[in-house]
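Inspection log for the structure reproduced underneath, given as C-alpha cells.
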Amino acid sequence: MRQERVEPPALVLRHGPGAPAEVLREVSAGAEEEGVPLRTRPGSGGGAVELAHAAAGESRLAVGVGVTADGEVAVHHAQLPADRPALHVLGGTAPDWRRAGRVAARVVTGLPLV
Amino acid sequence: MSDRLVVGVDIGNSTTEACLALVGPGGAVTHLGTALTRTTGVKGTPASTRGALTAVGRVLAAAGRRPHELDRVLLNEATPVISGLAMETITETVITESTMIGHNPATPGGEGLGVGTTVSVLDLAEHPVAEPAVVVVPPGWDFDDVAAALNAAAARGVPVVAAVLAGDDAVLVTNRLVHPVPVVDEVSAVEKVPLGMRAAVEVAAPGRTIRTLSNTYGIATVFELDPDQTRQVSPVARALTGNRSAVVVRTPAGDVTDRRIPVGVLELRGEVRTTKVDVDAGAEAIMAALARVQPLRDAHGEPGTHVGGMLAAVRDTMADTMGDGPGGSDAADCAIRDVLAVDTFVPAEVRGGLAGEITLENAVGLAAMVRTSRSRMQAVAAQVAAELGAEAVIGGVEGEMAVLGALTTPGTRAPVVVVDLGGGSTDAASLSADGVCTAVHVAGAGELVTKLVDSELALDDREVAELVKRWPLAKVESFFHVRHEDGTVQFFDQPLPAHVFARVVVLGPEGPVPIGTRHGLDAVRRVRREAKRRVFVVNTLRALRQVAPDGDLRRLDFVVLLGGSALDFEIPDLVADALAEHGVVCGTGNVLGDQGPRNAVASGLVAAHARGAVRAGGTA
C-alpha cells in the first residue's frame with residue numbers, strides 16, 4: 001500500500017513551554033466544535049503572535065494559533081503581515097480561549113469571526 | 001442698467017441649494033456657480049435660514065464675490081408638505097407550553113431522529129432503564145462531563161436517544177459519545193423545557209434540512225396523534241420548515257399560534273366620499289381604497305387602535321416641527337393629504353420561545369404627508385435680507401421652478417414632466433405645451449426606503465440602513481479581497497479588518513462596513529431593491545398618473561428625474577424600466593448641462609427671474 005506522505009490539512013497550534021493545559025483544551029474545543037481539525041505542537045519561546053504566525057506558515061490551511069506560558073493566545077493567517085494577527089487575546093478566560101479556537105476555524109471555513 | 005448679481009436658493013427637505021448668476025438687462029443669464037449644503041431644521045421654518053445663508057455664502061466665496069454685490073436673493077415658496085412614517089406589525093407568533101425549539105443553531109451535533117422522555121442530566125442516574133431518554137443539560141456543564149454522564153447512562157442500559165444543551169458544544173459532546181445521538185445546542189432558556197414529557201429531537205446531515213418534524217404527519221407518527229391533535233400540531237411543523245435541527249415536546253395543550261393583531265381601521269376622507277379600510281388587510285387594500293376616494297382631504301385612525309396611534313404620532317411630530325415659533329400650527333391644522341402603505345415584514349422574536357427564535361412577522365409601513373396651511377417663508381426671507389443686506393424675494397412654486405430648471409437639461413423640451421425623488425415625498429410637476437403647470441406631491445420617498453431596509457434586515461441601526469441604501473454590497477472573501485454584488489473581485493494591498501471577515505459589507509466612502517445580519521448578499525440586495533421599487537417605482541407611477549393627460553402615461557413625452565434619490569446608483573434605472581413599457585422617454589436630469597439632477601429649483605428661480613416672471617410680493 002502506498003504511504004500517504006502529505007499530512008492532511010489542519011490548523012496548527014504552536015505553544016510555548018509550559019502553556020496552560022486549560023487554554024490548549026479550550027482552543028482545541030473551539031476548533032472542534034466548528035469541525036476543523038487542529039494539530040498541536042510544542043514551539044520555542046516568543047510571543048503568542050510570533051508563535052501563531054510561525055504556526056500559520058506550517059499549516060496547510062495557512063491558519064495558526066499561538067499560546068504562551070502565561071495564557072496569551074493569538075490567531076494568525078499566513079498572508080497577514082506578521083504584526084497584524086486576526087485575533088489576539090491577553091488575559092482572557094475560558095470563553096475567550098474557546099472563541100480563539102472558533103475564530104481560527106472560521107478563518108478557514110469562511111464564516112464571520114464571531 | 002448693467003448686469004445684476006442674483007442668487008436662487010432652494011430650501012429642500014434635506015439639502016439647501018444655491019445658484020449664482022448674472023442677469024443682463026435683456027434677460028441674458030450668465031451662471032457663476034452653484035453650492036449645496038444640508039438643510040437646517042425643517043424647510044420653510046426660521047431654523048432653515050442658517051442653511052440658506054451657508055449656501056449663499058459658499059456660492060459667493062467660490063465665485064469670488066461679496067455679499068454686498070448681490071442685487072437679489074430669490075427664495076422658493078417651499079412646498080408646505082412634510083412627511084412622517086410609522087410601522088406596525090400585524091401578525092404575531094406565540095409558542096405556548098414550550099412545545100418546540102426551532103432556533104437553528106450553527107453547529108448541532110450528530111444526526112437522525114431521537115424520540116424519548118425529557119430528563120435533566122442531574123436526574124439521569126435514576127432514570128428507568130426501559131425508557132428512552134432525551135437528556136436536557138443546563139448551562140455551566142462541561143462537554144466532557146456531559147459526554148461522561150450520557151455514556152454512563154447508556155452503559156447502564158438506558159437508551160439515550162438525544163440531548164438538548166444550553167451551551168454551544170453539541171459537536172464536542174457528540175464526538176465523545178460511544179453511540180452518537182442527535183444533539184441540539186445553544187438553547188438559552190433550557191430550564192423551561194418541560195421534563196418528563198415525550199419529546200423528539202431531529203438533526204439533519206450538513207447541507208440538509210429536517211424531514212420528520214417539519215412534516216405534520218411526521219410529528220403525528222412520532223407522537224401517535226389522532227386526527228384532531230394532528231390538526232393542532234400543523235403550525236409547529238410549518239414553523240420548523242427549513243431548519244437543520246429542531247425539538248418538539250408533546251405537552252397537553254402546547255401550541256404555536258400565528259395570530260393577526262387587530263391594528264384598527266383607517267378612515268380616508270376624500271373630496272366626495274369617505275371610506276374605511278382595515279389596516280391588517282394589507283397595503284394593497286389600503287391603496288385601492290385610497291384610489292377610490294382621491295383626492296384625499298384627510299385621514300384618521302380609529303382612536304385607541306394601533307393605526308390611531310400611528311397617525312396621531314405622525315401628526316404630532318409634524319405639529320411640533322411646524323410649531324417652533326409664532327404662527328405655529330397645532331395638530332388640528334395638519335390634514336393628511338396622501339398616504340402610501342407598503343407591505344413589509346419584520347423579523348421578531350417569537351413569544352414563548354426557548355432559544356430566541358426569530359420569525360418574520362407581517363407589518364404595514366405607512367408614509368403620510370401633511371399639507372400645512374401656513375408657510376413661514378416670509379420670516380426666512382426677512383432674516384436672509386437683513387443678514388445679506390440684499391433684497392430677498394419669494395417667488396415661484398417649487399414645482400414650476402423645478403420644471404424651468406429641468407428644461408436646462410440637454411435634450412429636453414416642453415411638454416415635460418419632472419419627478420423629484422426626494423427624502424420625504426415624491427413630487428411631480430408637468431409643463432404642458434401651452435405653458436400650464438400642474439404639481440402633485442405623494443407621500444413616501446428615500447426615508448421610507450431606509451426604514452424598510454432597517455426593519456426588514458433587523459439592523460436596528462438607521463446609519464447602517466442608510467449606507468445599505470446608498471452603496472453597493474460586497475462579500476469579504478479573504479483578508480485581501482472582496483467580491484462585489486455583480487461578481488467582480490477586488491484585491492486590496494492592506495489586509496481588511498478581522499471584524500469584516502466573511503461578512504456582507506457595504507462599500508461606503510469610508511471603507512467596508514459590515515451588515516449585522518445572517519442573510520447572504522443576495523438576500524440583502526433583494527431587500528434593498530424591493531424597498532426602492534415599492535416606494536419609488538410605485539410613487540413615480542402614482543404621481544405621473546395624477547399629472548398625465550387623462551391619467552394616461554402613454555401621453556407623456558419627456559420625464560426628467562430630479563432630486564437626491566435620482567443620484568442613487570439604481571433608483572433611476574428601476575423607474576426608467578417601469579416607465580419603458582409605457583413608451584416614455586425617462587432619464588436623470590442634467591441641470592445646466594453639468595449639475596446632474598441637482599440644483600433644478602435654484603436654477604429655475606434664476607431663469608424665472610430673468611424672464612421677469614418672479615412674482616412681486618414677499619419683498620423684505
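In the C-alpha cells, chains take the letters A, B, ... in the order shown, each chain's residues start at 1, and ligands count up from 1 in the order shown.
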Identify all residues of chain A in helix (DSSP H, G or I) (DSSP on the backbone) and supply them as a ChimeraX atom specification. /A:21-33,48-58,94-109
Next, dump the selected residues to file, keeping only C-alpha atoms, as a PDB file, in the first residue's frame.
ATOM      1  CA  ALA A  21      -3.395  22.917  29.662  1.00  0.00           C
ATOM      2  CA  GLU A  22      -6.839  24.514  30.125  1.00  0.00           C
ATOM      3  CA  VAL A  23      -6.050  27.127  27.465  1.00  0.00           C
ATOM      4  CA  LEU A  24      -4.941  24.442  24.993  1.00  0.00           C
ATOM      5  CA  ARG A  25      -8.063  22.409  25.799  1.00  0.00           C
ATOM      6  CA  GLU A  26     -10.455  25.306  25.187  1.00  0.00           C
ATOM      7  CA  VAL A  27      -8.748  26.419  21.961  1.00  0.00           C
ATOM      8  CA  SER A  28      -8.894  22.834  20.647  1.00  0.00           C
ATOM      9  CA  ALA A  29     -12.551  22.563  21.684  1.00  0.00           C
ATOM     10  CA  GLY A  30     -13.374  25.762  19.793  1.00  0.00           C
ATOM     11  CA  ALA A  31     -11.884  24.407  16.581  1.00  0.00           C
ATOM     12  CA  GLU A  32     -13.507  21.007  17.084  1.00  0.00           C
ATOM     13  CA  GLU A  33     -16.986  22.488  17.590  1.00  0.00           C
ATOM     14  CA  ALA A  48       1.722  34.476  21.028  1.00  0.00           C
ATOM     15  CA  VAL A  49       1.592  36.495  17.793  1.00  0.00           C
ATOM     16  CA  GLU A  50       5.032  35.223  16.752  1.00  0.00           C
ATOM     17  CA  LEU A  51       4.090  31.608  17.567  1.00  0.00           C
ATOM     18  CA  ALA A  52       0.802  31.975  15.695  1.00  0.00           C
ATOM     19  CA  HIS A  53       2.478  33.380  12.588  1.00  0.00           C
ATOM     20  CA  ALA A  54       5.022  30.560  12.560  1.00  0.00           C
ATOM     21  CA  ALA A  55       2.190  28.022  13.025  1.00  0.00           C
ATOM     22  CA  ALA A  56       0.210  29.605  10.169  1.00  0.00           C
ATOM     23  CA  GLY A  57       3.259  29.181   7.940  1.00  0.00           C
ATOM     24  CA  GLU A  58       3.346  25.462   8.741  1.00  0.00           C
ATOM     25  CA  ALA A  94     -12.198  30.092  29.175  1.00  0.00           C
ATOM     26  CA  PRO A  95     -14.864  31.567  26.813  1.00  0.00           C
ATOM     27  CA  ASP A  96     -12.217  33.812  25.166  1.00  0.00           C
ATOM     28  CA  TRP A  97      -9.896  30.846  24.570  1.00  0.00           C
ATOM     29  CA  ARG A  98     -12.784  28.811  23.156  1.00  0.00           C
ATOM     30  CA  ARG A  99     -13.583  31.738  20.904  1.00  0.00           C
ATOM     31  CA  ALA A 100      -9.967  31.892  19.680  1.00  0.00           C
ATOM     32  CA  GLY A 101     -10.243  28.274  18.531  1.00  0.00           C
ATOM     33  CA  ARG A 102     -13.553  29.037  16.867  1.00  0.00           C
ATOM     34  CA  VAL A 103     -12.130  32.121  15.115  1.00  0.00           C
ATOM     35  CA  ALA A 104      -9.171  30.113  13.778  1.00  0.00           C
ATOM     36  CA  ALA A 105     -11.599  27.531  12.376  1.00  0.00           C
ATOM     37  CA  ARG A 106     -13.836  30.193  10.885  1.00  0.00           C
ATOM     38  CA  VAL A 107     -10.973  31.870   9.032  1.00  0.00           C
ATOM     39  CA  VAL A 108     -10.667  28.527   7.242  1.00  0.00           C
ATOM     40  CA  THR A 109     -14.391  27.903   6.718  1.00  0.00           C
TER      41      THR A 109
END
Residues within 9 Å of Val12 (chain A), only C-alpha atoms, excluding chain neighbours under 2 positions, as a PyMOL selection string: chain A and resi 10+14+37-41+52+55-66
Take the residues that were just selected and, keeping N, CA and C atoms, output them as an mmCIF file, in the first residue's frame.
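The result, written out as part.cif:
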data_model
loop_
_atom_site.group_PDB
_atom_site.id
_atom_site.type_symbol
_atom_site.label_atom_id
_atom_site.label_comp_id
_atom_site.auth_asym_id
_atom_site.auth_seq_id
_atom_site.Cartn_x
_atom_site.Cartn_y
_atom_site.Cartn_z
ATOM 1 N N ALA A 10 -4.832 20.859 8.320
ATOM 2 C CA ALA A 10 -5.301 21.130 9.683
ATOM 3 C C ALA A 10 -4.806 22.495 10.113
ATOM 4 N N ARG A 14 0.811 26.279 17.892
ATOM 5 C CA ARG A 14 2.155 26.253 18.476
ATOM 6 C C ARG A 14 2.059 26.856 19.870
ATOM 7 N N PRO A 37 -10.088 20.315 11.829
ATOM 8 C CA PRO A 37 -9.030 19.625 12.578
ATOM 9 C C PRO A 37 -7.918 20.572 13.009
ATOM 10 N N LEU A 38 -7.341 20.281 14.166
ATOM 11 C CA LEU A 38 -6.269 21.115 14.704
ATOM 12 C C LEU A 38 -5.161 20.204 15.223
ATOM 13 N N ARG A 39 -3.914 20.535 14.857
ATOM 14 C CA ARG A 39 -2.775 19.769 15.358
ATOM 15 C C ARG A 39 -1.992 20.643 16.323
ATOM 16 N N THR A 40 -1.644 20.092 17.455
ATOM 17 C CA THR A 40 -0.926 20.860 18.472
ATOM 18 C C THR A 40 0.536 20.445 18.499
ATOM 19 N N ARG A 41 1.430 21.434 18.474
ATOM 20 C CA ARG A 41 2.871 21.148 18.516
ATOM 21 C C ARG A 41 3.540 22.083 19.502
ATOM 22 N N ALA A 52 1.946 32.179 16.579
ATOM 23 C CA ALA A 52 0.802 31.975 15.695
ATOM 24 C C ALA A 52 1.219 32.152 14.235
ATOM 25 N N ALA A 55 3.110 29.152 13.177
ATOM 26 C CA ALA A 55 2.190 28.022 13.025
ATOM 27 C C ALA A 55 1.407 28.145 11.725
ATOM 28 N N ALA A 56 0.977 29.380 11.396
ATOM 29 C CA ALA A 56 0.210 29.605 10.169
ATOM 30 C C ALA A 56 1.048 29.228 8.957
ATOM 31 N N GLY A 57 2.361 29.531 9.039
ATOM 32 C CA GLY A 57 3.259 29.181 7.940
ATOM 33 C C GLY A 57 3.363 27.678 7.743
ATOM 34 N N GLU A 58 3.233 26.920 8.836
ATOM 35 C CA GLU A 58 3.346 25.462 8.741
ATOM 36 C C GLU A 58 2.033 24.803 8.339
ATOM 37 N N SER A 59 0.903 25.492 8.625
ATOM 38 C CA SER A 59 -0.409 24.878 8.389
ATOM 39 C C SER A 59 -0.729 24.824 6.903
ATOM 40 N N ARG A 60 -1.252 23.675 6.452
ATOM 41 C CA ARG A 60 -1.672 23.598 5.050
ATOM 42 C C ARG A 60 -2.926 24.418 4.819
ATOM 43 N N LEU A 61 -3.595 24.809 5.906
ATOM 44 C CA LEU A 61 -4.761 25.689 5.793
ATOM 45 C C LEU A 61 -4.359 27.149 5.968
ATOM 46 N N ALA A 62 -3.056 27.371 6.195
ATOM 47 C CA ALA A 62 -2.479 28.713 6.335
ATOM 48 C C ALA A 62 -3.004 29.467 7.551
ATOM 49 N N VAL A 63 -3.555 28.732 8.522
ATOM 50 C CA VAL A 63 -4.057 29.384 9.726
ATOM 51 C C VAL A 63 -3.408 28.738 10.950
ATOM 52 N N GLY A 64 -2.889 29.569 11.832
ATOM 53 C CA GLY A 64 -2.219 29.051 13.014
ATOM 54 C C GLY A 64 -2.666 29.753 14.274
ATOM 55 N N VAL A 65 -2.446 29.059 15.414
ATOM 56 C CA VAL A 65 -2.753 29.623 16.722
ATOM 57 C C VAL A 65 -1.481 29.562 17.549
ATOM 58 N N GLY A 66 -1.226 30.610 18.322
ATOM 59 C CA GLY A 66 -0.081 30.613 19.230
ATOM 60 C C GLY A 66 -0.556 30.770 20.657
#
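Using only C-alpha atoms, the contacts of Ala390 (chain B) at a cut-off of 8 Å, with sequence neighbours closer than 5 positions omitted, comprise B:Pro67, B:His68, B:Leu70, B:Asp71, B:Arg72, B:Val73, B:Ala385.
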CA of Asp552 (chain B) to CA of Arg598 (chain B): how many Å, to one decimal?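 Taking CA of Asp552 (chain B) as the start and CA of Arg598 (chain B) as the end point, the length is 27.9 Å.
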Go through B:Pro138, B:Gly583, B:Gly44, B:Pro108 and flag the residue nearest chain A, using only C-alpha atoms for the distances.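 Smallest separation from chain A among the options: B:Pro108.
Of the residues listed (B:Val178, B:Leu431, B:Val94, B:Val364), B:Val94 shows the shortest atom-to-atom separation from Asp255 (chain B); distances use only C-alpha atoms.
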Considering only C-alpha atoms, extract the chain A residues located within 9 Å of chain B and return them as JSON, numbers by chain. {"A": [29, 30, 32, 33, 34, 35, 77, 79, 80, 81, 84, 85, 86, 87, 106, 107, 110, 111, 112, 113, 114]}
